[in-house]
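Below is the file upload.tsv, which contains TSV, C-alpha atoms and all ligand atoms.
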chain	number	residue	atom	x	y	z
A	1	MET	CA	49.55	8.56	-23.37
A	2	PRO	CA	47.78	11.54	-21.85
A	3	GLY	CA	45.04	10.95	-19.30
A	4	PHE	CA	43.67	14.37	-20.16
A	5	GLU	CA	42.18	12.84	-23.29
A	6	LEU	CA	39.68	10.80	-21.33
A	7	PHE	CA	38.21	13.09	-18.79
A	8	GLY	CA	34.73	13.18	-17.47
A	9	ASP	CA	32.07	12.81	-14.83
A	10	LYS	CA	34.18	10.75	-12.44
A	11	GLU	CA	36.87	13.42	-12.24
A	12	ARG	CA	34.20	16.11	-11.83
A	13	LYS	CA	32.50	14.21	-9.00
A	14	GLU	CA	35.72	13.79	-7.04
A	15	VAL	CA	36.64	17.47	-7.46
A	16	ASN	CA	33.13	18.54	-6.46
A	17	ASP	CA	33.41	16.52	-3.23
A	18	VAL	CA	36.42	18.66	-2.35
A	19	LEU	CA	34.79	21.94	-3.37
A	20	ASP	CA	31.62	21.08	-1.44
A	21	SER	CA	33.52	20.45	1.77
A	22	GLY	CA	35.79	23.44	1.15
A	23	VAL	CA	38.88	21.64	2.45
A	24	LEU	CA	41.48	21.99	-0.29
A	25	MET	CA	44.35	20.80	1.88
A	26	ARG	CA	45.34	17.19	2.44
A	27	TYR	CA	46.10	17.51	6.16
A	28	GLY	CA	43.90	18.50	9.10
A	29	PHE	CA	40.47	20.22	9.12
A	30	ASP	CA	38.93	16.88	10.10
A	31	GLY	CA	35.64	18.40	11.23
A	32	MET	CA	34.99	20.24	7.95
A	33	ARG	CA	35.96	17.50	5.51
A	34	LYS	CA	32.71	15.50	5.43
A	35	GLY	CA	34.84	12.36	5.34
A	36	HIS	CA	36.73	13.33	2.17
A	37	TRP	CA	40.44	12.49	2.19
A	38	LYS	CA	41.31	12.44	-1.51
A	39	ALA	CA	45.11	12.38	-1.16
A	40	LYS	CA	44.93	9.57	1.40
A	41	GLU	CA	42.51	7.61	-0.78
A	42	LEU	CA	44.70	8.04	-3.84
A	43	GLU	CA	47.71	6.85	-1.85
A	44	ALA	CA	45.78	3.76	-0.77
A	45	ALA	CA	44.60	3.06	-4.33
A	46	LEU	CA	48.14	3.38	-5.69
A	47	ALA	CA	49.53	1.15	-2.93
A	48	ARG	CA	47.05	-1.56	-3.95
A	49	ARG	CA	47.69	-1.21	-7.68
A	50	MET	CA	51.49	-1.05	-7.29
A	51	GLN	CA	51.61	-3.81	-4.64
A	52	VAL	CA	53.70	-1.76	-2.20
A	53	SER	CA	53.25	-0.96	1.46
A	54	HIS	CA	53.82	2.81	1.23
A	55	VAL	CA	52.88	5.61	-1.16
A	56	HIS	CA	53.40	9.32	-0.65
A	57	LEU	CA	51.99	11.93	-3.01
A	58	THR	CA	53.90	15.08	-3.89
A	59	SER	CA	53.33	18.24	-5.90
A	60	SER	CA	55.02	16.84	-9.05
A	61	GLY	CA	57.09	13.99	-10.41
A	62	THR	CA	60.18	16.16	-10.09
A	63	SER	CA	59.52	16.80	-6.42
A	64	ALA	CA	58.79	13.08	-5.94
A	65	LEU	CA	62.33	12.37	-7.18
A	66	THR	CA	63.82	14.99	-4.86
A	67	VAL	CA	61.80	13.72	-1.90
A	68	ALA	CA	62.71	10.11	-2.70
A	69	LEU	CA	66.43	10.93	-2.76
A	70	ALA	CA	66.17	13.04	0.40
A	71	SER	CA	64.19	10.33	2.19
A	72	ALA	CA	67.11	7.94	1.70
A	73	GLY	CA	69.58	10.51	3.02
A	74	VAL	CA	71.17	11.48	-0.31
A	75	GLY	CA	72.97	14.81	-0.05
A	76	SER	CA	76.03	16.88	-0.81
A	77	GLY	CA	78.82	15.03	-2.59
A	78	ASP	CA	76.85	11.81	-3.15
A	79	GLU	CA	76.85	10.59	-6.73
A	80	VAL	CA	73.64	9.53	-8.47
A	81	ILE	CA	73.87	7.61	-11.74
A	82	MET	CA	71.31	8.70	-14.35
A	83	PRO	CA	70.93	8.16	-18.11
A	84	THR	CA	71.78	10.54	-20.97
A	85	PHE	CA	68.25	10.09	-22.33
A	86	THR	CA	65.66	11.23	-19.80
A	87	PHE	CA	63.91	14.47	-18.84
A	88	VAL	CA	65.75	17.44	-17.30
A	89	ALA	CA	63.97	16.63	-14.00
A	90	SER	CA	66.53	13.85	-13.36
A	91	PHE	CA	69.50	16.15	-12.81
A	92	GLU	CA	67.35	18.92	-11.32
A	93	SER	CA	66.20	16.65	-8.52
A	94	ILE	CA	69.76	15.47	-7.83
A	95	LEU	CA	71.35	18.95	-7.89
A	96	MET	CA	68.57	20.25	-5.64
A	97	LEU	CA	70.11	18.21	-2.82
A	98	GLY	CA	73.69	19.15	-3.62
A	99	ALA	CA	74.35	15.68	-5.01
A	100	VAL	CA	76.18	14.97	-8.26
A	101	PRO	CA	74.40	13.77	-11.41
A	102	VAL	CA	76.62	11.19	-13.13
A	103	LEU	CA	75.46	10.77	-16.72
A	104	VAL	CA	75.76	7.27	-18.17
A	105	ASP	CA	75.13	5.88	-21.67
A	106	ILE	CA	71.96	4.17	-22.77
A	107	ASP	CA	71.76	1.07	-24.98
A	108	ASP	CA	69.16	-0.34	-27.38
A	109	THR	CA	66.62	-0.43	-24.51
A	110	LEU	CA	66.85	3.42	-24.61
A	111	THR	CA	67.57	3.23	-20.88
A	112	LEU	CA	70.72	2.80	-18.74
A	113	ASP	CA	73.28	0.31	-20.08
A	114	PRO	CA	74.20	-1.85	-17.04
A	115	LYS	CA	77.77	-2.41	-18.31
A	116	LYS	CA	78.35	1.35	-18.50
A	117	VAL	CA	76.72	1.80	-15.12
A	118	GLU	CA	79.21	-0.56	-13.50
A	119	LYS	CA	82.12	1.41	-14.98
A	120	ALA	CA	80.70	4.66	-13.57
A	121	ILE	CA	80.45	3.45	-9.96
A	122	THR	CA	82.87	5.13	-7.54
A	123	LYS	CA	83.25	5.28	-3.75
A	124	LYS	CA	80.85	8.24	-3.78
A	125	THR	CA	78.06	6.53	-5.71
A	126	LYS	CA	74.94	6.15	-3.63
A	127	VAL	CA	72.07	5.64	-6.08
A	128	ILE	CA	71.37	4.17	-9.51
A	129	MET	CA	68.43	5.97	-11.06
A	130	PRO	CA	67.15	4.25	-14.20
A	131	VAL	CA	64.52	6.17	-16.14
A	132	HIS	CA	61.91	4.00	-17.85
A	133	MET	CA	61.59	6.31	-20.84
A	134	CYS	CA	58.70	6.18	-23.29
A	135	GLY	CA	56.90	3.31	-21.62
A	136	SER	CA	59.62	0.66	-21.29
A	137	MET	CA	62.09	-0.29	-18.61
A	138	ALA	CA	65.78	-0.70	-17.91
A	139	ASP	CA	67.26	-4.15	-17.31
A	140	LEU	CA	66.30	-4.08	-13.64
A	141	ASP	CA	67.77	-7.47	-12.69
A	142	ALA	CA	71.19	-6.42	-13.96
A	143	LEU	CA	70.97	-3.11	-12.09
A	144	LYS	CA	69.85	-4.89	-8.92
A	145	VAL	CA	72.90	-7.12	-9.05
A	146	LEU	CA	75.10	-4.00	-9.20
A	147	CYS	CA	73.21	-2.37	-6.34
A	148	LYS	CA	73.70	-5.43	-4.16
A	149	LYS	CA	77.38	-5.78	-5.02
A	150	HIS	CA	78.19	-2.11	-4.37
A	151	GLU	CA	75.59	-1.40	-1.65
A	152	LEU	CA	73.67	1.15	-3.69
A	153	LEU	CA	70.03	2.19	-3.79
A	154	LEU	CA	67.85	1.59	-6.83
A	155	LEU	CA	65.45	4.47	-7.56
A	156	GLU	CA	63.15	3.89	-10.54
A	157	ASP	CA	61.92	6.95	-12.39
A	158	ALA	CA	58.72	5.40	-13.74
A	159	CYS	CA	57.13	8.76	-14.62
A	160	GLN	CA	56.61	7.68	-18.25
A	161	ALA	CA	55.92	4.02	-17.63
A	162	ILE	CA	53.13	3.75	-15.08
A	163	GLY	CA	51.18	0.53	-15.61
A	164	GLY	CA	54.12	-1.32	-17.17
A	165	SER	CA	55.68	-4.30	-15.40
A	166	TYR	CA	58.86	-6.33	-15.09
A	167	LYS	CA	58.78	-10.05	-14.29
A	168	GLY	CA	55.23	-9.67	-13.05
A	169	LYS	CA	55.87	-6.69	-10.77
A	170	PRO	CA	54.62	-3.15	-11.42
A	171	LEU	CA	57.31	-0.75	-12.63
A	172	GLY	CA	58.31	1.54	-9.76
A	173	SER	CA	57.87	-1.21	-7.18
A	174	ILE	CA	61.05	-3.11	-8.02
A	175	GLY	CA	63.68	-0.71	-6.70
A	176	ASP	CA	64.10	0.60	-3.15
A	177	LEU	CA	62.04	3.57	-4.26
A	178	GLY	CA	59.98	4.41	-7.34
A	179	CYS	CA	58.52	7.67	-8.65
A	180	PHE	CA	55.55	8.63	-10.82
A	181	SER	CA	54.42	11.90	-12.36
A	182	PHE	CA	50.80	12.91	-12.80
A	183	ASP	CA	51.46	16.08	-14.77
A	184	TYR	CA	49.07	17.05	-17.54
A	185	VAL	CA	50.64	14.92	-20.30
A	186	LYS	CA	51.24	11.67	-18.41
A	187	THR	CA	49.23	8.43	-18.74
A	188	ILE	CA	47.13	9.39	-15.74
A	189	THR	CA	47.02	12.99	-14.59
A	190	CYS	CA	46.21	15.10	-11.54
A	191	GLY	CA	46.88	18.33	-13.46
A	192	GLU	CA	50.10	18.49	-11.46
A	193	GLY	CA	51.25	15.86	-9.01
A	194	GLY	CA	53.59	12.99	-8.33
A	195	ALA	CA	54.10	10.01	-6.06
A	196	LEU	CA	56.87	8.00	-4.54
A	197	ILE	CA	56.36	4.35	-3.66
A	198	THR	CA	58.41	2.10	-1.40
A	199	ASN	CA	58.30	-0.90	0.89
A	200	ASN	CA	60.75	0.84	3.23
A	201	LYS	CA	58.92	2.32	6.21
A	202	ALA	CA	61.77	4.61	7.24
A	203	TYR	CA	61.96	6.20	3.77
A	204	TYR	CA	58.20	6.69	3.77
A	205	GLU	CA	58.25	8.32	7.22
A	206	ASN	CA	61.04	10.64	6.08
A	207	ALA	CA	59.22	11.44	2.83
A	208	HIS	CA	55.94	12.65	4.33
A	209	LYS	CA	57.76	14.81	6.86
A	210	TYR	CA	60.29	16.21	4.40
A	211	SER	CA	57.62	17.15	1.84
A	212	ASP	CA	55.66	19.09	4.50
A	213	HIS	CA	58.31	21.33	6.13
A	214	GLY	CA	59.65	18.56	8.34
A	215	HIS	CA	56.40	18.47	10.38
A	216	ASP	CA	56.29	15.11	12.12
A	217	HIS	CA	52.50	14.65	11.62
A	218	ILE	CA	52.20	13.22	15.12
A	219	GLY	CA	49.18	14.33	17.13
A	220	ILE	CA	46.13	16.17	15.87
A	221	ASP	CA	46.92	19.86	16.02
A	222	ARG	CA	48.75	21.35	13.09
A	223	GLY	CA	51.10	23.88	14.60
A	224	ALA	CA	51.91	21.65	17.55
A	225	GLU	CA	54.06	19.28	15.53
A	226	ALA	CA	57.75	18.75	16.13
A	227	HIS	CA	60.45	18.95	13.43
A	228	PRO	CA	62.93	16.10	13.46
A	229	PHE	CA	64.71	17.67	10.47
A	230	LEU	CA	64.51	20.49	7.91
A	231	GLY	CA	61.94	20.10	5.16
A	232	TYR	CA	60.24	21.94	2.32
A	233	ASN	CA	56.76	22.24	0.85
A	234	PHE	CA	56.24	19.61	-1.83
A	235	ARG	CA	52.62	18.85	-0.86
A	236	ILE	CA	49.86	17.92	-3.29
A	237	SER	CA	46.48	19.62	-2.89
A	238	GLU	CA	43.18	17.80	-2.39
A	239	LEU	CA	41.92	19.21	-5.71
A	240	ASN	CA	44.76	17.63	-7.65
A	241	ALA	CA	44.50	14.38	-5.72
A	242	ALA	CA	40.75	14.23	-6.43
A	243	VAL	CA	41.39	14.23	-10.18
A	244	GLY	CA	44.02	11.52	-9.76
A	245	LEU	CA	41.64	9.37	-7.74
A	246	ALA	CA	39.22	9.21	-10.67
A	247	GLN	CA	42.06	8.61	-13.12
A	248	VAL	CA	43.86	5.84	-11.24
A	249	ALA	CA	40.69	3.76	-11.34
A	250	ARG	CA	41.01	3.88	-15.14
A	251	LEU	CA	44.70	3.06	-15.42
A	252	ASP	CA	44.21	-0.47	-16.74
A	253	GLU	CA	41.54	0.71	-19.18
A	254	PHE	CA	44.03	3.33	-20.48
A	255	ILE	CA	46.85	0.77	-20.80
A	256	ASN	CA	44.58	-1.58	-22.77
A	257	ILE	CA	43.68	1.16	-25.25
A	258	GLN	CA	47.35	2.10	-25.59
A	259	GLN	CA	48.29	-1.54	-26.19
A	260	ARG	CA	45.66	-1.94	-28.92
A	261	ASN	CA	46.77	1.21	-30.73
A	262	TYR	CA	50.48	0.44	-30.28
A	263	THR	CA	50.02	-3.05	-31.70
A	264	ILE	CA	48.28	-1.78	-34.84
A	265	LEU	CA	51.15	0.63	-35.57
A	266	ARG	CA	53.84	-1.90	-34.72
A	267	ASP	CA	52.35	-4.67	-36.86
A	268	ALA	CA	52.25	-2.28	-39.81
A	269	LEU	CA	55.84	-1.05	-39.40
A	270	SER	CA	57.08	-4.63	-38.90
A	271	GLN	CA	56.47	-5.22	-42.61
A	272	ILE	CA	59.41	-2.94	-43.42
A	273	PRO	CA	62.64	-4.96	-43.11
A	274	GLU	CA	64.80	-1.86	-42.37
A	275	VAL	CA	62.71	-0.99	-39.29
A	276	THR	CA	63.81	-2.50	-35.98
A	277	PHE	CA	62.29	-1.92	-32.57
A	278	ARG	CA	63.61	-0.84	-29.22
A	279	ARG	CA	64.64	-3.83	-27.09
A	280	VAL	CA	62.43	-4.57	-24.11
A	281	PRO	CA	64.36	-6.50	-21.41
A	282	GLU	CA	63.27	-10.12	-20.93
A	283	GLY	CA	60.21	-10.35	-18.69
A	284	GLY	CA	59.29	-6.72	-19.31
A	285	GLU	CA	55.85	-5.50	-20.32
A	286	GLU	CA	55.65	-1.95	-21.67
A	287	ASN	CA	52.85	0.46	-20.78
A	288	TYR	CA	52.56	1.15	-24.55
A	289	SER	CA	52.62	4.93	-24.20
A	290	PHE	CA	55.05	5.24	-27.15
A	291	LEU	CA	56.11	3.12	-30.09
A	292	ASN	CA	59.90	3.39	-30.42
A	293	PHE	CA	61.77	2.19	-33.50
A	294	PHE	CA	65.15	2.46	-35.20
A	295	LEU	CA	66.09	3.08	-38.84
A	296	PRO	CA	69.47	2.06	-40.32
A	297	THR	CA	71.16	5.51	-40.41
A	298	GLU	CA	70.94	8.98	-38.90
A	299	LYS	CA	70.21	10.54	-42.31
A	300	LEU	CA	67.36	8.16	-43.08
A	301	THR	CA	65.89	8.65	-39.63
A	302	GLN	CA	65.89	12.43	-39.99
A	303	LYS	CA	64.30	12.14	-43.42
A	304	ALA	CA	61.65	9.71	-42.18
A	305	HIS	CA	60.85	11.93	-39.21
A	306	ARG	CA	60.36	14.92	-41.52
A	307	LYS	CA	58.24	12.87	-43.92
A	308	LEU	CA	56.00	11.62	-41.10
A	309	GLY	CA	55.27	15.23	-40.18
A	310	GLU	CA	54.62	16.20	-43.81
A	311	ASN	CA	52.21	13.28	-44.18
A	312	GLY	CA	50.20	14.50	-41.22
A	313	VAL	CA	51.40	11.90	-38.70
A	314	ASP	CA	51.72	14.09	-35.62
A	315	GLY	CA	53.24	13.13	-32.27
A	316	CYS	CA	56.40	11.47	-33.64
A	317	PHE	CA	59.58	12.64	-31.92
A	318	TYR	CA	63.25	12.70	-32.93
A	319	TRP	CA	64.75	12.91	-29.44
A	320	PHE	CA	68.33	13.24	-30.72
A	321	ASP	CA	67.63	16.91	-31.46
A	322	ASN	CA	65.26	17.50	-28.55
A	323	ASN	CA	66.08	20.18	-25.97
A	324	TRP	CA	64.27	18.53	-23.07
A	325	HIS	CA	65.20	14.89	-23.24
A	326	TYR	CA	68.72	14.34	-24.52
A	327	TYR	CA	72.07	15.47	-23.02
A	328	ARG	CA	73.31	17.10	-26.26
A	329	LYS	CA	71.06	20.12	-25.75
A	330	TRP	CA	71.38	20.58	-21.98
A	331	GLN	CA	73.53	23.70	-22.10
A	332	HIS	CA	72.20	24.99	-18.80
A	333	LEU	CA	73.66	21.85	-17.21
A	334	THR	CA	76.93	21.70	-19.09
A	335	GLU	CA	77.58	25.41	-18.42
A	336	MET	CA	76.10	25.25	-14.89
A	337	LYS	CA	73.91	28.29	-15.38
A	338	SER	CA	72.06	28.94	-12.14
A	339	LEU	CA	70.16	31.99	-10.93
A	340	GLY	CA	72.05	32.23	-7.67
A	341	LYS	CA	75.57	31.02	-7.04
A	342	LEU	CA	75.75	27.27	-6.43
A	343	PRO	CA	77.62	26.08	-3.33
A	344	GLU	CA	81.40	25.77	-3.99
A	345	GLU	CA	81.36	22.19	-2.80
A	346	VAL	CA	78.72	21.20	-5.35
A	347	VAL	CA	80.45	22.97	-8.23
A	348	LYS	CA	83.82	21.43	-7.31
A	349	SER	CA	82.46	17.90	-7.33
A	350	LEU	CA	80.70	18.12	-10.73
A	351	PRO	CA	82.25	16.32	-13.69
A	352	ASP	CA	83.19	18.14	-16.90
A	353	TYR	CA	79.88	17.47	-18.67
A	354	LYS	CA	81.07	19.23	-21.82
A	355	ASN	CA	83.85	16.81	-22.56
A	356	MET	CA	82.29	13.42	-22.19
A	357	ASP	CA	82.04	10.67	-24.71
A	358	PHE	CA	78.45	9.56	-25.11
A	359	SER	CA	78.89	8.23	-28.65
A	360	ALA	CA	77.26	4.95	-27.59
A	361	SER	CA	74.08	6.88	-26.67
A	362	ASP	CA	74.31	8.90	-29.89
A	363	HIS	CA	74.51	5.66	-31.87
A	364	TRP	CA	71.00	4.71	-30.73
A	365	MET	CA	69.40	8.13	-30.35
A	366	GLU	CA	70.35	9.41	-33.80
A	367	ARG	CA	68.38	6.47	-35.27
A	368	THR	CA	65.37	6.53	-32.94
A	369	ILE	CA	61.86	7.71	-33.73
A	370	SER	CA	59.27	7.66	-30.92
A	371	CYS	CA	55.59	7.98	-31.68
A	372	LEU	CA	53.16	8.97	-28.97
A	373	ILE	CA	50.20	6.60	-28.59
A	374	LYS	CA	46.95	8.46	-27.98
A	375	LEU	CA	43.98	7.15	-26.03
A	376	GLY	CA	41.45	8.96	-28.17
A	377	TRP	CA	42.22	7.16	-31.45
A	378	LYS	CA	39.56	4.78	-32.67
A	379	GLU	CA	40.68	1.49	-34.20
A	380	ASN	CA	40.07	2.58	-37.80
A	381	GLU	CA	41.82	5.92	-37.24
A	382	THR	CA	44.82	4.07	-35.86
A	383	GLN	CA	44.85	1.79	-38.90
A	384	GLU	CA	44.81	4.83	-41.20
A	385	ARG	CA	47.66	6.34	-39.21
A	386	ALA	CA	49.59	3.08	-39.53
A	387	ASN	CA	49.18	3.14	-43.31
A	388	LYS	CA	50.43	6.74	-43.47
A	389	MET	CA	53.42	5.85	-41.31
A	390	VAL	CA	54.38	2.92	-43.50
A	391	MET	CA	54.11	5.10	-46.64
A	392	ALA	CA	56.23	7.85	-45.07
A	393	VAL	CA	58.98	5.51	-43.90
A	394	ARG	CA	58.99	3.46	-47.14
A	395	SER	CA	59.27	6.62	-49.23
A	396	VAL	CA	62.65	7.58	-47.76
A	397	LEU	CA	64.23	4.13	-47.82
A	401	LIG	C1	57.39	14.07	-16.52
A	401	LIG	C2	58.65	13.47	-16.05
A	401	LIG	C3	59.25	13.84	-14.83
A	401	LIG	C4	58.78	15.00	-14.01
A	401	LIG	O1	57.48	15.02	-13.70
A	401	LIG	P1	56.70	16.41	-13.41
A	401	LIG	O2	55.46	15.95	-12.74
A	401	LIG	O3	56.44	17.06	-14.73
A	401	LIG	O4	57.57	17.22	-12.52
A	401	LIG	C5	60.37	13.16	-14.43
A	401	LIG	N1	60.92	12.18	-15.16
A	401	LIG	C6	60.38	11.81	-16.34
A	401	LIG	C7	60.99	10.69	-17.10
A	401	LIG	C8	59.25	12.46	-16.82
A	401	LIG	O5	58.75	12.12	-18.02
Could you show the structure in this file as structure tokens?
Amino acid sequence: MPGFELFGDKERKEVNDVLDSGVLMRYGFDGMRKGHWKAKELEAALARRMQVSHVHLTSSGTSALTVALASAGVGSGDEVIMPTFTFVASFESILMLGAVPVLVDIDDTLTLDPKKVEKAITKKTKVIMPVHMCGSMADLDALKVLCKKHELLLLEDACQAIGGSYKGKPLGSIGDLGCFSFDYVKTITCGEGGALITNNKAYYENAHKYSDHGHDHIGIDRGAEAHPFLGYNFRISELNAAVGLAQVARLDEFINIQQRNYTILRDALSQIPEVTFRRVPEGGEENYSFLNFFLPTEKLTQKAHRKLGENGVDGCFYWFDNNWHYYRKWQHLTEMKSLGKLPEEVVKSLPDYKNMDFSASDHWMERTISCLIKLGWKENETQERANKMVMAVRSVL
């Protein structure tokens, strides 16, 4: 998946434009810039590719999530539904605003189970935040029905699924808001960076102000701007945006390579009757950044995962035991360890994360292996890898 694998002259040229003008900031300095507006150009390129009217870049995917929630007015006491399988950024971005992360089970899509989502909705619920983990999406039609029925917002975390689609629409563009990450290991990278996308003008207006100290960006002179509300600094720099501008032009090229490599591995593993694959909702098209499959039992899955490593197949993950991506290991969340004291009101409204039944998530996660798809693999290398994978999995069955 990582865009850092295919790096070159185009990225260098864009960065050099910025260095030559000396304007490393995305706002102002019009006279010095020599016409270079890398952040603005990247926003325009993403808007075209994602078929949305508004894009706003941020300093990271995590800050994009925070800015997206803030832009829609999410705050203290509001509940945001998120999956048990995700990245820690999901609850970080929610807690940052004093809102309450409500963890909900996943199903065989490895994303939010719509039936469990409906059960978790309360009077305080404001947002459903599906996370399109490892390249594939949640059942977005089912979640949209719930959002309509209960007047909730749909915020897609598409940080790991850029370039994928659902019923012909780019992932991220289907909800009220969508977020991407361009950190160093994502499909396309800025080094660090993120973006939120929306067709809602009010959210967009809020987002660009909020992510730049609440400055209203009206008029020419920085320093003369008004502040309609409090903000923070979640800006991206021109240097990071310049890298992203070169990378976004290659998104479809990257997805095609991922699809080729994914298909070689999948075809090989399909020969093993005990192997089943993660369900992709009808009408969904993955971005092929990972191949995700299930084995019949937890024991066999652990054995197969170990064997893959021993056979030199790197980049295969057993998320069930992973500290970053699965709720079982999020002790800092369950014990609410913070540097400073959290506001009483936030602490009071949090559920008892330690005593929750997520056995339905465990049922899928304990049997899941996810293999990263690299851009740099040649076709014959991928075939060799596929053979090694089949041997490793067969040997433990
Ligand atoms: C990477 C990632 C994020 C956070 O992005 P950063 O740019 O690293 O802050 C959020 N959600 C998911 C699912 C991610 O994979």
> Taking (61.0, 15.5, 13.2) in the file's coordinates, which residues come within 7 Å, counting all atoms listed in the file, written as a ChimeraX atom specification?
Replying inline: /A:214-216,226-229
>> With distances taken over only C-alpha atoms and all ligand atoms, which residue among A:Lys201, A:Arg306, A:His132, A:Arg279 lies nearest ligand LIG 401 (chain A)?
In response: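 That would be A:His132, the residue with the smallest distance to ligand LIG 401 (chain A).
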>> I need every residue sitting at most 12 Å from the point (53.7, 17.5, 5.4) (coordinates as in the file, all atoms listed in the file considered), written as a ChimeraX atom specification.
In response: /A:25-28,39,56-59,67,204-218,222-223,225-227,230-237
At most 12 Å is the cut-off: for each residue in region 134-211 of chain A with any atom that close to an atom of region 352-372 of chain A, write down the nearest atom pair and the distance in Å rounded to one decimal, counting only C-alpha atoms, chain first then increasing number, as a Markdown table.
| residue | atom | partner | partner_atom | distance |
| --- | --- | --- | --- | --- |
| A:Cys134 | CA | A:Ser370 | CA | 7.8 |
| A:Gly135 | CA | A:Leu372 | CA | 10.0 |
| A:Ser136 | CA | A:Ser370 | CA | 11.9 |
| A:Gln160 | CA | A:Leu372 | CA | 11.3 |
| A:Val185 | CA | A:Leu372 | CA | 10.8 |
| A:Lys186 | CA | A:Leu372 | CA | 11.1 |
| A:Thr187 | CA | A:Leu372 | CA | 11.0 |
> Just how far from CA of Leu308 (chain A) is CA of Ile257 (chain A), in Å to one decimal?
Replying inline: 22.6 Å
> CA of Ala268 (chain A) to CA of Gln302 (chain A): how many Å, to one decimal?
Replying inline: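 We find that CA of Ala268 (chain A) and CA of Gln302 (chain A) lie 20.1 Å from each other.
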>> Ranking A:Lys116, A:Arg33, A:Lys13, A:Arg394 by minimum distance to Gln271 (chain A) and counting all atoms listed in the file, which one comes first?
In response: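 When distances to Gln271 (chain A) are compared using all atoms listed in the file, the smallest one comes from A:Arg394.
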Any chance you could tabulate, as a Markdown table, the residues of chain A at most 7 Å from ligand LIG 401 (chain A) with each one's nearest atom pair and distance in Å to one decimal, using only C-alpha atoms and all ligand atoms, in chain and rising number order?
| residue | atom | partner | partner_atom | distance |
| --- | --- | --- | --- | --- |
| A:Ser60 | CA | A:LIG401 | O2 | 3.8 |
| A:Gly61 | CA | A:LIG401 | O2 | 3.5 |
| A:Thr62 | CA | A:LIG401 | O4 | 3.7 |
| A:Ser63 | CA | A:LIG401 | O4 | 6.4 |
| A:Thr86 | CA | A:LIG401 | C7 | 5.4 |
| A:Phe87 | CA | A:LIG401 | C6 | 5.1 |
| A:Ala89 | CA | A:LIG401 | C5 | 5.0 |
| A:Ser90 | CA | A:LIG401 | N1 | 6.1 |
| A:Val131 | CA | A:LIG401 | C7 | 5.8 |
| A:His132 | CA | A:LIG401 | C7 | 6.8 |
| A:Met133 | CA | A:LIG401 | C7 | 5.8 |
| A:Asp157 | CA | A:LIG401 | N1 | 6.0 |
| A:Ala158 | CA | A:LIG401 | C7 | 6.7 |
| A:Cys159 | CA | A:LIG401 | C6 | 4.8 |
| A:Gln160 | CA | A:LIG401 | O5 | 4.9 |
| A:Ser181 | CA | A:LIG401 | O2 | 4.2 |
| A:Phe182 | CA | A:LIG401 | O2 | 5.6 |
| A:Asp183 | CA | A:LIG401 | O2 | 4.5 |
| A:Lys186 | CA | A:LIG401 | C1 | 6.9 |
| A:Glu192 | CA | A:LIG401 | O2 | 6.1 |
| A:Gly193 | CA | A:LIG401 | O2 | 5.6 |
| A:Gly194 | CA | A:LIG401 | O2 | 5.6 |
>> I want to know what sits within 12 Å of Val23 (chain A), based on all atoms listed in the file, with residues of the same chain fewer than 2 positions away left out; could you give that as a list in words?
In response: Val15, Asn16, Asp17, Val18, Leu19, Asp20, Ser21, Met25, Arg26, Tyr27, Gly28, Phe29, Asp30, Gly31, Met32, Arg33, Lys34, Gly35, His36, Trp37, Lys38, Ala39, Ser237, Glu238, Leu239 and Ala242 of chain A
>> Which residues are close to Cys147 (chain A), i.e. within 12 Å by only C-alpha atoms, leaving aside same-chain residues fewer than 3 positions away? Reply as a ChimeraX atom specification.
In response: /A:81,114,117-118,121,125-130,140-144,150-155,175-176
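When all atoms listed in the file are used to compute distances to Gly312 (chain A), the closest of the residues A:Glu282, A:Asp252, A:Glu384, A:Glu344 turns out to be A:Glu384.
Of the residues listed (A:Ile188, A:Ala161, A:Val313, A:Ala64), A:Ile188 shows the shortest atom-to-atom separation from Leu245 (chain A); distances use all atoms listed in the file.
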